[in-house]
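In what follows, a single structure is set out as structure tokens and then discussed.
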Amino acid sequence: MAAADFIRPHLLKLKPYTPIEPFEILAQRLGREAKDIVKLDANENPYGPPPEVLAALGSMPFPNIYPDPESRRLREALSKWHSVPSEHLLVGCGADELIDLLMRCVLDAGDKIVDCPPTFTMYVFDAAVNNASVVTVPRLEGFRIDVEAIKRAVAEHKPKMVFLTSPNNPDGSMLSTEELLEVLRLPVLVVLDEAYIEFSEEPSKMGWVAQHPNLVVLRTFSKCAALAGLRVGYGAFPLDMIQYLWRAKQPYNVSVASEVAAVAALSNLPYIERVRDALVAERQRLFEGLGGIPYLEPCPSHSNFVLCKVANGRDARGLKDALAQQHGIMVRHYSTKELNNYVRVSVGLPEHTNKLLAALRTLA
């Protein structure tokens, strides 16, 4: 007998998710002080949260008491911000928890989802955790979704869920309203991940859930409010679905600290908007600067990152390693079937952009 004999068989073959290394581990590995590292690999917000967040955490009442299982204060604040009734809203320990919760509630073993790579890899990972299969519908040139191929996949494979991301991670492209409406006409649950929507000019589709019974919209505090370390995500759901999600979720899934921080962040929306505007402006400067590097081909982005094809015979992994080891600059690289020899650069502070562009020129 071995302890692994008790594990569900499909999990024995599960490939682990590869997360970004923690800041302190990065610093230790590179032999640098943490403050000297330019971290542009995880799309984190370099400005940090509104000052009200740290003040609220420092005076947090009743940390010894279990949190509100319904996150009432936060859902009410979100309702006012988005003009969506709180009855449609559910908060999670990051949007990642809500992706997994949806799959646990919707999918039986062997059921299928549609994934449109290159995109956020958590959909495929959670499908594997939940013993579901993945129908892959690659994106077209320019990272547009292939609506006709999605229609064929739904007709042939009868999946229960389609995952769409707008802006898409890792390229920053937007899903058009017409494309979304076409997919919503299919007999499938459409999960629209809007983790980066604040950095685009398009309005959120959260309000659509009241009219579309097969639409779920996911959001996060990690990017716009700089609360990635506190793990706060939320979603808008049809009313006749959300009642079952309430029953299945962990009762105390959002900590007291997380709710306090998120409510405090929403008390200063002007700060969040100023930071958003600064990141969008810096994104344009970063895009133009990367376009001036002879071996990089940046892609237009509506998010807080820029994806670049590494050209002229250069290797993306080698470039990533050189930036890290020689300059203490962290970026993300890709070498997959759908995204081969690319790097993704998060938008940082202006001084981060300056240091990155200078380093890239020295590596030319």
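Simple scheme: letters A, B, ... for chains in structure tokens order, numbers from 1 for residues in each chain, numbers from 1 for ligands in the order shown.
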
Subject >> Long-range neighbours of Thr165 (chain A) as an MDAnalysis selection string, 10 Å cut-off, only C-alpha atoms, 5 positions minimum in chain >> reply: chainID A and resid 116 119:120 145 170 172:175 191:197 217:218

Selection from above, N, CA, C and O atoms, as a PDB file, in the first residue's frame, can you write it?
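Result saved to out.pdb:
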```pdb
ATOM      1  N   CYS A 116      -9.455  28.577 -26.060  1.00  0.00           N
ATOM      2  CA  CYS A 116      -9.006  29.264 -27.278  1.00  0.00           C
ATOM      3  C   CYS A 116      -7.597  29.817 -27.087  1.00  0.00           C
ATOM      4  O   CYS A 116      -7.407  31.006 -26.846  1.00  0.00           O
ATOM      5  N   THR A 119      -4.103  31.662 -24.441  1.00  0.00           N
ATOM      6  CA  THR A 119      -4.934  32.385 -23.490  1.00  0.00           C
ATOM      7  C   THR A 119      -4.515  31.994 -22.082  1.00  0.00           C
ATOM      8  O   THR A 119      -3.516  31.289 -21.893  1.00  0.00           O
ATOM      9  N   PHE A 120      -5.262  32.427 -21.098  1.00  0.00           N
ATOM     10  CA  PHE A 120      -4.958  32.141 -19.701  1.00  0.00           C
ATOM     11  C   PHE A 120      -4.986  30.629 -19.473  1.00  0.00           C
ATOM     12  O   PHE A 120      -5.986  29.963 -19.757  1.00  0.00           O
ATOM     13  N   ILE A 145     -10.547  35.393 -31.848  1.00  0.00           N
ATOM     14  CA  ILE A 145     -11.127  34.060 -31.685  1.00  0.00           C
ATOM     15  C   ILE A 145     -11.731  33.609 -33.007  1.00  0.00           C
ATOM     16  O   ILE A 145     -12.179  34.425 -33.823  1.00  0.00           O
ATOM     17  N   PRO A 170      -2.215  36.107 -23.164  1.00  0.00           N
ATOM     18  CA  PRO A 170      -1.118  37.055 -22.989  1.00  0.00           C
ATOM     19  C   PRO A 170      -0.937  38.133 -24.049  1.00  0.00           C
ATOM     20  O   PRO A 170       0.115  38.780 -24.068  1.00  0.00           O
ATOM     21  N   GLY A 172      -3.368  40.732 -25.110  1.00  0.00           N
ATOM     22  CA  GLY A 172      -4.032  42.013 -24.912  1.00  0.00           C
ATOM     23  C   GLY A 172      -5.076  42.363 -25.939  1.00  0.00           C
ATOM     24  O   GLY A 172      -5.558  43.509 -25.985  1.00  0.00           O
ATOM     25  N   SER A 173      -5.486  41.402 -26.779  1.00  0.00           N
ATOM     26  CA  SER A 173      -6.513  41.672 -27.789  1.00  0.00           C
ATOM     27  C   SER A 173      -7.899  41.660 -27.162  1.00  0.00           C
ATOM     28  O   SER A 173      -8.139  41.037 -26.126  1.00  0.00           O
ATOM     29  N   MET A 174      -8.846  42.344 -27.822  1.00  0.00           N
ATOM     30  CA  MET A 174     -10.209  42.464 -27.323  1.00  0.00           C
ATOM     31  C   MET A 174     -11.171  41.567 -28.105  1.00  0.00           C
ATOM     32  O   MET A 174     -11.018  41.364 -29.306  1.00  0.00           O
ATOM     33  N   LEU A 175     -12.156  41.072 -27.391  1.00  0.00           N
ATOM     34  CA  LEU A 175     -13.273  40.352 -28.002  1.00  0.00           C
ATOM     35  C   LEU A 175     -14.318  41.384 -28.411  1.00  0.00           C
ATOM     36  O   LEU A 175     -14.686  42.251 -27.613  1.00  0.00           O
ATOM     37  N   VAL A 191     -18.081  31.700 -20.265  1.00  0.00           N
ATOM     38  CA  VAL A 191     -17.411  32.362 -19.142  1.00  0.00           C
ATOM     39  C   VAL A 191     -16.482  33.420 -19.722  1.00  0.00           C
ATOM     40  O   VAL A 191     -15.512  33.095 -20.407  1.00  0.00           O
ATOM     41  N   LEU A 192     -16.823  34.679 -19.475  1.00  0.00           N
ATOM     42  CA  LEU A 192     -16.047  35.800 -19.991  1.00  0.00           C
ATOM     43  C   LEU A 192     -15.159  36.339 -18.874  1.00  0.00           C
ATOM     44  O   LEU A 192     -15.645  36.862 -17.875  1.00  0.00           O
ATOM     45  N   ASP A 193     -13.869  36.203 -19.045  1.00  0.00           N
ATOM     46  CA  ASP A 193     -12.887  36.632 -18.051  1.00  0.00           C
ATOM     47  C   ASP A 193     -12.433  38.054 -18.395  1.00  0.00           C
ATOM     48  O   ASP A 193     -11.760  38.277 -19.399  1.00  0.00           O
ATOM     49  N   GLU A 194     -12.817  39.002 -17.537  1.00  0.00           N
ATOM     50  CA  GLU A 194     -12.489  40.412 -17.758  1.00  0.00           C
ATOM     51  C   GLU A 194     -11.458  40.910 -16.736  1.00  0.00           C
ATOM     52  O   GLU A 194     -11.539  42.041 -16.247  1.00  0.00           O
ATOM     53  N   ALA A 195     -10.468  40.098 -16.440  1.00  0.00           N
ATOM     54  CA  ALA A 195      -9.474  40.466 -15.433  1.00  0.00           C
ATOM     55  C   ALA A 195      -8.774  41.784 -15.754  1.00  0.00           C
ATOM     56  O   ALA A 195      -8.337  42.503 -14.843  1.00  0.00           O
ATOM     57  N   TYR A 196      -8.656  42.110 -17.051  1.00  0.00           N
ATOM     58  CA  TYR A 196      -7.885  43.289 -17.460  1.00  0.00           C
ATOM     59  C   TYR A 196      -8.756  44.363 -18.108  1.00  0.00           C
ATOM     60  O   TYR A 196      -8.236  45.282 -18.744  1.00  0.00           O
ATOM     61  N   ILE A 197     -10.055  44.296 -17.939  1.00  0.00           N
ATOM     62  CA  ILE A 197     -10.964  45.167 -18.685  1.00  0.00           C
ATOM     63  C   ILE A 197     -10.751  46.642 -18.360  1.00  0.00           C
ATOM     64  O   ILE A 197     -10.975  47.517 -19.216  1.00  0.00           O
ATOM     65  N   VAL A 217     -19.524  36.514 -16.004  1.00  0.00           N
ATOM     66  CA  VAL A 217     -18.433  37.474 -16.199  1.00  0.00           C
ATOM     67  C   VAL A 217     -17.589  37.518 -14.932  1.00  0.00           C
ATOM     68  O   VAL A 217     -18.113  37.728 -13.834  1.00  0.00           O
ATOM     69  N   LEU A 218     -16.284  37.328 -15.086  1.00  0.00           N
ATOM     70  CA  LEU A 218     -15.352  37.307 -13.952  1.00  0.00           C
ATOM     71  C   LEU A 218     -14.485  38.556 -13.950  1.00  0.00           C
ATOM     72  O   LEU A 218     -14.061  39.039 -15.004  1.00  0.00           O
TER      73      LEU A 218
END
```

List every residue of region 104-168 of chain A that has an atom at most 10 Å from any atom of region 315-337 of chain A, giving for each one its closest atom pair and the distance in Å to one decimal, counting only C-alpha atoms, sorted by chain and then by ascending residue number, as a Markdown table.
```
| residue | atom | partner | partner_atom | distance |
| --- | --- | --- | --- | --- |
| A:Pro117 | CA | A:Lys337 | CA | 9.3 |
| A:Pro118 | CA | A:Thr336 | CA | 8.5 |
| A:Pro138 | CA | A:Lys337 | CA | 9.8 |
```

**OP:** Please return as a PyMOL selection string: the residues of region 326-360 of chain A that backbone DSSP assigns to alpha helix (DSSP H).
**Re:** chain A and resi 326-327+350-360

**OP:** Could you tell me, as a PyMOL selection string, which residues of region 79-202 of chain A DSSP assigns to strand (DSSP E or B) when given the backbone?
**Re:** chain A and resi 89-92+112-115+133-136+161-165+189-193

Could the residues in this selection be saved with N, CA, C and O atoms as a CSV table (one decimal), in the first residue's frame?
```csv
chain,number,residue,atom,x,y,z
A,89,LEU,N,-23.9,38.9,-7.7
A,89,LEU,CA,-22.5,39.0,-7.4
A,89,LEU,C,-22.0,37.9,-6.4
A,89,LEU,O,-22.7,37.7,-5.4
A,90,LEU,N,-20.9,37.3,-6.7
A,90,LEU,CA,-20.3,36.4,-5.7
A,90,LEU,C,-18.8,36.7,-5.7
A,90,LEU,O,-18.2,36.9,-6.8
A,91,VAL,N,-18.2,36.7,-4.5
A,91,VAL,CA,-16.8,37.0,-4.4
A,91,VAL,C,-16.0,35.7,-4.1
A,91,VAL,O,-16.5,34.8,-3.4
A,92,GLY,N,-14.8,35.7,-4.6
A,92,GLY,CA,-13.9,34.5,-4.4
A,92,GLY,C,-12.5,34.9,-3.9
A,92,GLY,O,-12.1,36.1,-4.0
A,112,LYS,N,-16.7,18.4,-21.3
A,112,LYS,CA,-15.7,19.1,-22.1
A,112,LYS,C,-15.9,20.6,-22.0
A,112,LYS,O,-17.0,21.1,-21.8
A,113,ILE,N,-14.8,21.3,-22.1
A,113,ILE,CA,-14.8,22.8,-22.2
A,113,ILE,C,-14.1,23.1,-23.5
A,113,ILE,O,-13.3,22.3,-24.1
A,114,VAL,N,-14.4,24.3,-24.0
A,114,VAL,CA,-13.7,24.9,-25.2
A,114,VAL,C,-12.7,25.9,-24.7
A,114,VAL,O,-13.0,26.8,-23.9
A,115,ASP,N,-11.4,25.8,-25.1
A,115,ASP,CA,-10.3,26.7,-24.8
A,115,ASP,C,-9.8,27.3,-26.1
A,115,ASP,O,-9.7,26.6,-27.1
A,133,SER,N,-12.4,17.2,-20.2
A,133,SER,CA,-11.6,17.2,-21.4
A,133,SER,C,-11.6,18.6,-22.0
A,133,SER,O,-12.5,19.4,-21.7
A,134,VAL,N,-10.6,18.9,-22.8
A,134,VAL,CA,-10.5,20.2,-23.4
A,134,VAL,C,-10.5,20.1,-24.9
A,134,VAL,O,-9.8,19.3,-25.5
A,135,VAL,N,-11.4,20.9,-25.5
A,135,VAL,CA,-11.5,21.0,-27.0
A,135,VAL,C,-10.8,22.3,-27.3
A,135,VAL,O,-11.2,23.4,-26.9
A,136,THR,N,-9.7,22.2,-28.0
A,136,THR,CA,-8.9,23.3,-28.3
A,136,THR,C,-9.3,24.0,-29.7
A,136,THR,O,-9.3,23.3,-30.7
A,161,MET,N,-18.9,24.3,-21.5
A,161,MET,CA,-18.4,25.6,-21.2
A,161,MET,C,-17.5,26.1,-22.3
A,161,MET,O,-16.7,25.3,-22.9
A,162,VAL,N,-17.5,27.4,-22.6
A,162,VAL,CA,-16.5,28.0,-23.4
A,162,VAL,C,-15.9,29.2,-22.6
A,162,VAL,O,-16.6,30.0,-22.0
A,163,PHE,N,-14.6,29.2,-22.6
A,163,PHE,CA,-13.9,30.3,-21.9
A,163,PHE,C,-13.3,31.3,-22.8
A,163,PHE,O,-12.6,30.9,-23.7
A,164,LEU,N,-13.7,32.6,-22.6
A,164,LEU,CA,-13.2,33.7,-23.4
A,164,LEU,C,-12.6,34.7,-22.5
A,164,LEU,O,-13.1,34.9,-21.4
A,165,THR,N,-11.6,35.4,-23.0
A,165,THR,CA,-10.8,36.3,-22.2
A,165,THR,C,-10.7,37.6,-22.9
A,165,THR,O,-10.2,37.7,-24.1
A,189,LEU,N,-22.4,27.3,-21.8
A,189,LEU,CA,-22.2,28.3,-20.8
A,189,LEU,C,-20.9,29.1,-21.2
A,189,LEU,O,-19.8,28.5,-21.4
A,190,VAL,N,-21.0,30.4,-21.4
A,190,VAL,CA,-19.9,31.2,-21.8
A,190,VAL,C,-19.4,31.9,-20.5
A,190,VAL,O,-20.1,32.7,-19.9
A,191,VAL,N,-18.1,31.7,-20.3
A,191,VAL,CA,-17.4,32.4,-19.1
A,191,VAL,C,-16.5,33.4,-19.7
A,191,VAL,O,-15.5,33.1,-20.4
A,192,LEU,N,-16.8,34.7,-19.5
A,192,LEU,CA,-16.0,35.8,-20.0
A,192,LEU,C,-15.2,36.3,-18.9
A,192,LEU,O,-15.6,36.9,-17.9
A,193,ASP,N,-13.9,36.2,-19.0
A,193,ASP,CA,-12.9,36.6,-18.1
A,193,ASP,C,-12.4,38.1,-18.4
A,193,ASP,O,-11.8,38.3,-19.4
```

**OP:** Fewer than 5 positions away in the same chain doesn't count, so skip those; otherwise give me all residues within 12 Å of Leu12 (chain A), counting only C-alpha atoms, as a PyMOL selection string.
**Re:** chain A and resi 3-7+128-129+131

Selection from above, C-alpha atoms, as a JSON list (two decimals), in the first residue's frame, can you write it?
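And here is the file that came out, again_9.json:
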```json
[["chain", "number", "residue", "atom", "x", "y", "z"],
["A", 3, "ALA", "CA", -0.30, 6.87, 0.13],
["A", 4, "ALA", "CA", -0.66, 7.74, -3.57],
["A", 5, "ASP", "CA", -3.07, 4.81, -3.97],
["A", 6, "PHE", "CA", -5.74, 6.96, -2.32],
["A", 7, "ILE", "CA", -5.45, 9.76, -4.88],
["A", 128, "ALA", "CA", -7.72, 18.69, -15.67],
["A", 129, "VAL", "CA", -8.23, 18.99, -11.91],
["A", 131, "ASN", "CA", -11.43, 15.44, -14.77]]
```

**OP:** Name the residues in contact with Gln284 (chain A) at a cut-off of 10 Å, using only C-alpha atoms, excluding same-chain residues fewer than 4 positions from it; report them as a ChimeraX atom specification.
**Re:** /A:279-280,288-290,300-302,306,347

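In terms of minimum interatomic distance to Ala109 (chain A), A:Pro9 ranks closest within A:Leu266, A:Pro9, A:Trp81, A:Asn43, counting only C-alpha atoms.
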
**OP:** Mind checking which residues fall within 8 Å of region 149-152 of chain A, counting only C-alpha atoms, ignoring those fewer than 5 positions away in the same chain, and posting them as a PyMOL selection string?
**Re:** chain A and resi 114+137+183+186

Original post:
From the set A:His82, A:Lys205, A:Lys309, A:Arg276, which residue has the shortest atom-to-atom contact distance to Lys223 (chain A), counting only C-alpha atoms?
Top reply: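 When distances to Lys223 (chain A) are compared using only C-alpha atoms, the smallest one comes from A:Arg276.
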
Subject >> CA of Asn169 (chain A) to CA of Tyr234 (chain A), straight-line distance in Å >> reply: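 Answer for the CA of Tyr234 (chain A) to CA of Asn169 (chain A) separation: 18.0 Å.
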
Subject >> Non-local contacts of Ala264 (chain A) (9 Å; only C-alpha atoms; under 2 positions in same chain excluded) as a VMD selection string >> reply: chain A and resid 50 to 57 259 to 262 266 to 268

Selection from above, all heavy atoms, as an mmCIF file, in the first residue's frame, can you write it?
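As a result, result11.cif now contains:
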```
data_model
loop_
_atom_site.group_PDB
_atom_site.id
_atom_site.type_symbol
_atom_site.label_atom_id
_atom_site.label_comp_id
_atom_site.auth_asym_id
_atom_site.auth_seq_id
_atom_site.Cartn_x
_atom_site.Cartn_y
_atom_site.Cartn_z
ATOM 1 N N PRO A 50 -4.625 51.859 -3.163
ATOM 2 C CA PRO A 50 -4.888 53.157 -2.546
ATOM 3 C C PRO A 50 -4.409 53.181 -1.097
ATOM 4 O O PRO A 50 -4.413 52.152 -0.420
ATOM 5 C CB PRO A 50 -6.415 53.281 -2.626
ATOM 6 C CG PRO A 50 -6.812 52.382 -3.748
ATOM 7 C CD PRO A 50 -5.840 51.247 -3.721
ATOM 8 N N PRO A 51 -3.981 54.339 -0.581
ATOM 9 C CA PRO A 51 -3.472 54.404 0.793
ATOM 10 C C PRO A 51 -4.488 53.957 1.831
ATOM 11 O O PRO A 51 -4.117 53.504 2.918
ATOM 12 C CB PRO A 51 -3.097 55.880 0.961
ATOM 13 C CG PRO A 51 -3.812 56.610 -0.140
ATOM 14 C CD PRO A 51 -3.930 55.644 -1.263
ATOM 15 N N GLU A 52 -5.761 54.065 1.500
ATOM 16 C CA GLU A 52 -6.799 53.637 2.437
ATOM 17 C C GLU A 52 -6.706 52.150 2.764
ATOM 18 O O GLU A 52 -7.158 51.702 3.820
ATOM 19 C CB GLU A 52 -8.188 53.956 1.873
ATOM 20 C CG GLU A 52 -8.556 55.428 1.851
ATOM 21 C CD GLU A 52 -7.964 56.167 0.657
ATOM 22 O OE1 GLU A 52 -7.256 55.547 -0.166
ATOM 23 O OE2 GLU A 52 -8.228 57.382 0.538
ATOM 24 N N VAL A 53 -6.129 51.371 1.848
ATOM 25 C CA VAL A 53 -6.034 49.922 2.057
ATOM 26 C C VAL A 53 -5.120 49.597 3.228
ATOM 27 O O VAL A 53 -5.484 48.841 4.137
ATOM 28 C CB VAL A 53 -5.559 49.218 0.773
ATOM 29 C CG1 VAL A 53 -5.235 47.753 1.059
ATOM 30 C CG2 VAL A 53 -6.624 49.322 -0.311
ATOM 31 N N LEU A 54 -3.914 50.163 3.213
ATOM 32 C CA LEU A 54 -2.979 49.879 4.301
ATOM 33 C C LEU A 54 -3.506 50.408 5.625
ATOM 34 O O LEU A 54 -3.325 49.776 6.678
ATOM 35 C CB LEU A 54 -1.614 50.481 3.989
ATOM 36 C CG LEU A 54 -0.884 49.870 2.791
ATOM 37 C CD1 LEU A 54 0.479 50.534 2.597
ATOM 38 C CD2 LEU A 54 -0.702 48.378 2.981
ATOM 39 N N ALA A 55 -4.158 51.568 5.594
ATOM 40 C CA ALA A 55 -4.734 52.114 6.830
ATOM 41 C C ALA A 55 -5.813 51.190 7.378
ATOM 42 O O ALA A 55 -5.877 50.923 8.584
ATOM 43 C CB ALA A 55 -5.304 53.510 6.567
ATOM 44 N N ALA A 56 -6.663 50.674 6.478
ATOM 45 C CA ALA A 56 -7.744 49.793 6.924
ATOM 46 C C ALA A 56 -7.201 48.475 7.452
ATOM 47 O O ALA A 56 -7.690 47.941 8.455
ATOM 48 C CB ALA A 56 -8.713 49.545 5.767
ATOM 49 N N LEU A 57 -6.181 47.948 6.812
ATOM 50 C CA LEU A 57 -5.593 46.691 7.287
ATOM 51 C C LEU A 57 -4.918 46.879 8.649
ATOM 52 O O LEU A 57 -4.947 45.989 9.500
ATOM 53 C CB LEU A 57 -4.585 46.165 6.266
ATOM 54 C CG LEU A 57 -5.176 45.612 4.963
ATOM 55 C CD1 LEU A 57 -4.057 45.298 3.970
ATOM 56 C CD2 LEU A 57 -6.015 44.362 5.224
ATOM 57 N N GLU A 259 -11.507 41.216 2.430
ATOM 58 C CA GLU A 259 -12.708 42.042 2.260
ATOM 59 C C GLU A 259 -12.463 43.469 2.731
ATOM 60 O O GLU A 259 -12.877 44.430 2.079
ATOM 61 C CB GLU A 259 -13.900 41.444 2.999
ATOM 62 C CG GLU A 259 -15.173 42.243 2.749
ATOM 63 C CD GLU A 259 -16.436 41.596 3.299
ATOM 64 O OE1 GLU A 259 -16.322 40.653 4.100
ATOM 65 O OE2 GLU A 259 -17.539 42.055 2.937
ATOM 66 N N VAL A 260 -11.786 43.617 3.863
ATOM 67 C CA VAL A 260 -11.463 44.952 4.363
ATOM 68 C C VAL A 260 -10.651 45.731 3.331
ATOM 69 O O VAL A 260 -10.918 46.905 3.041
ATOM 70 C CB VAL A 260 -10.699 44.847 5.700
ATOM 71 C CG1 VAL A 260 -10.006 46.177 6.038
ATOM 72 C CG2 VAL A 260 -11.647 44.456 6.824
ATOM 73 N N ALA A 261 -9.659 45.075 2.746
ATOM 74 C CA ALA A 261 -8.802 45.738 1.764
ATOM 75 C C ALA A 261 -9.576 46.132 0.512
ATOM 76 O O ALA A 261 -9.411 47.240 -0.019
ATOM 77 C CB ALA A 261 -7.642 44.823 1.401
ATOM 78 N N ALA A 262 -10.411 45.233 0.019
ATOM 79 C CA ALA A 262 -11.154 45.517 -1.213
ATOM 80 C C ALA A 262 -12.157 46.649 -1.010
ATOM 81 O O ALA A 262 -12.299 47.528 -1.870
ATOM 82 C CB ALA A 262 -11.861 44.252 -1.691
ATOM 83 N N LEU A 266 -12.150 50.444 -2.878
ATOM 84 C CA LEU A 266 -13.287 51.026 -3.591
ATOM 85 C C LEU A 266 -13.717 52.369 -3.005
ATOM 86 O O LEU A 266 -14.507 53.089 -3.626
ATOM 87 C CB LEU A 266 -14.465 50.052 -3.582
ATOM 88 C CG LEU A 266 -14.264 48.766 -4.394
ATOM 89 C CD1 LEU A 266 -15.506 47.890 -4.313
ATOM 90 C CD2 LEU A 266 -13.926 49.076 -5.843
ATOM 91 N N SER A 267 -13.199 52.704 -1.827
ATOM 92 C CA SER A 267 -13.514 54.014 -1.249
ATOM 93 C C SER A 267 -12.729 55.129 -1.916
ATOM 94 O O SER A 267 -13.000 56.312 -1.678
ATOM 95 C CB SER A 267 -13.235 54.009 0.261
ATOM 96 O OG SER A 267 -11.838 54.039 0.525
ATOM 97 N N ASN A 268 -11.750 54.775 -2.738
ATOM 98 C CA ASN A 268 -10.940 55.789 -3.421
ATOM 99 C C ASN A 268 -10.830 55.450 -4.905
ATOM 100 O O ASN A 268 -9.755 55.142 -5.429
ATOM 101 C CB ASN A 268 -9.539 55.863 -2.791
ATOM 102 C CG ASN A 268 -8.766 57.100 -3.248
ATOM 103 O OD1 ASN A 268 -9.152 57.777 -4.196
ATOM 104 N ND2 ASN A 268 -7.664 57.392 -2.574
#
```
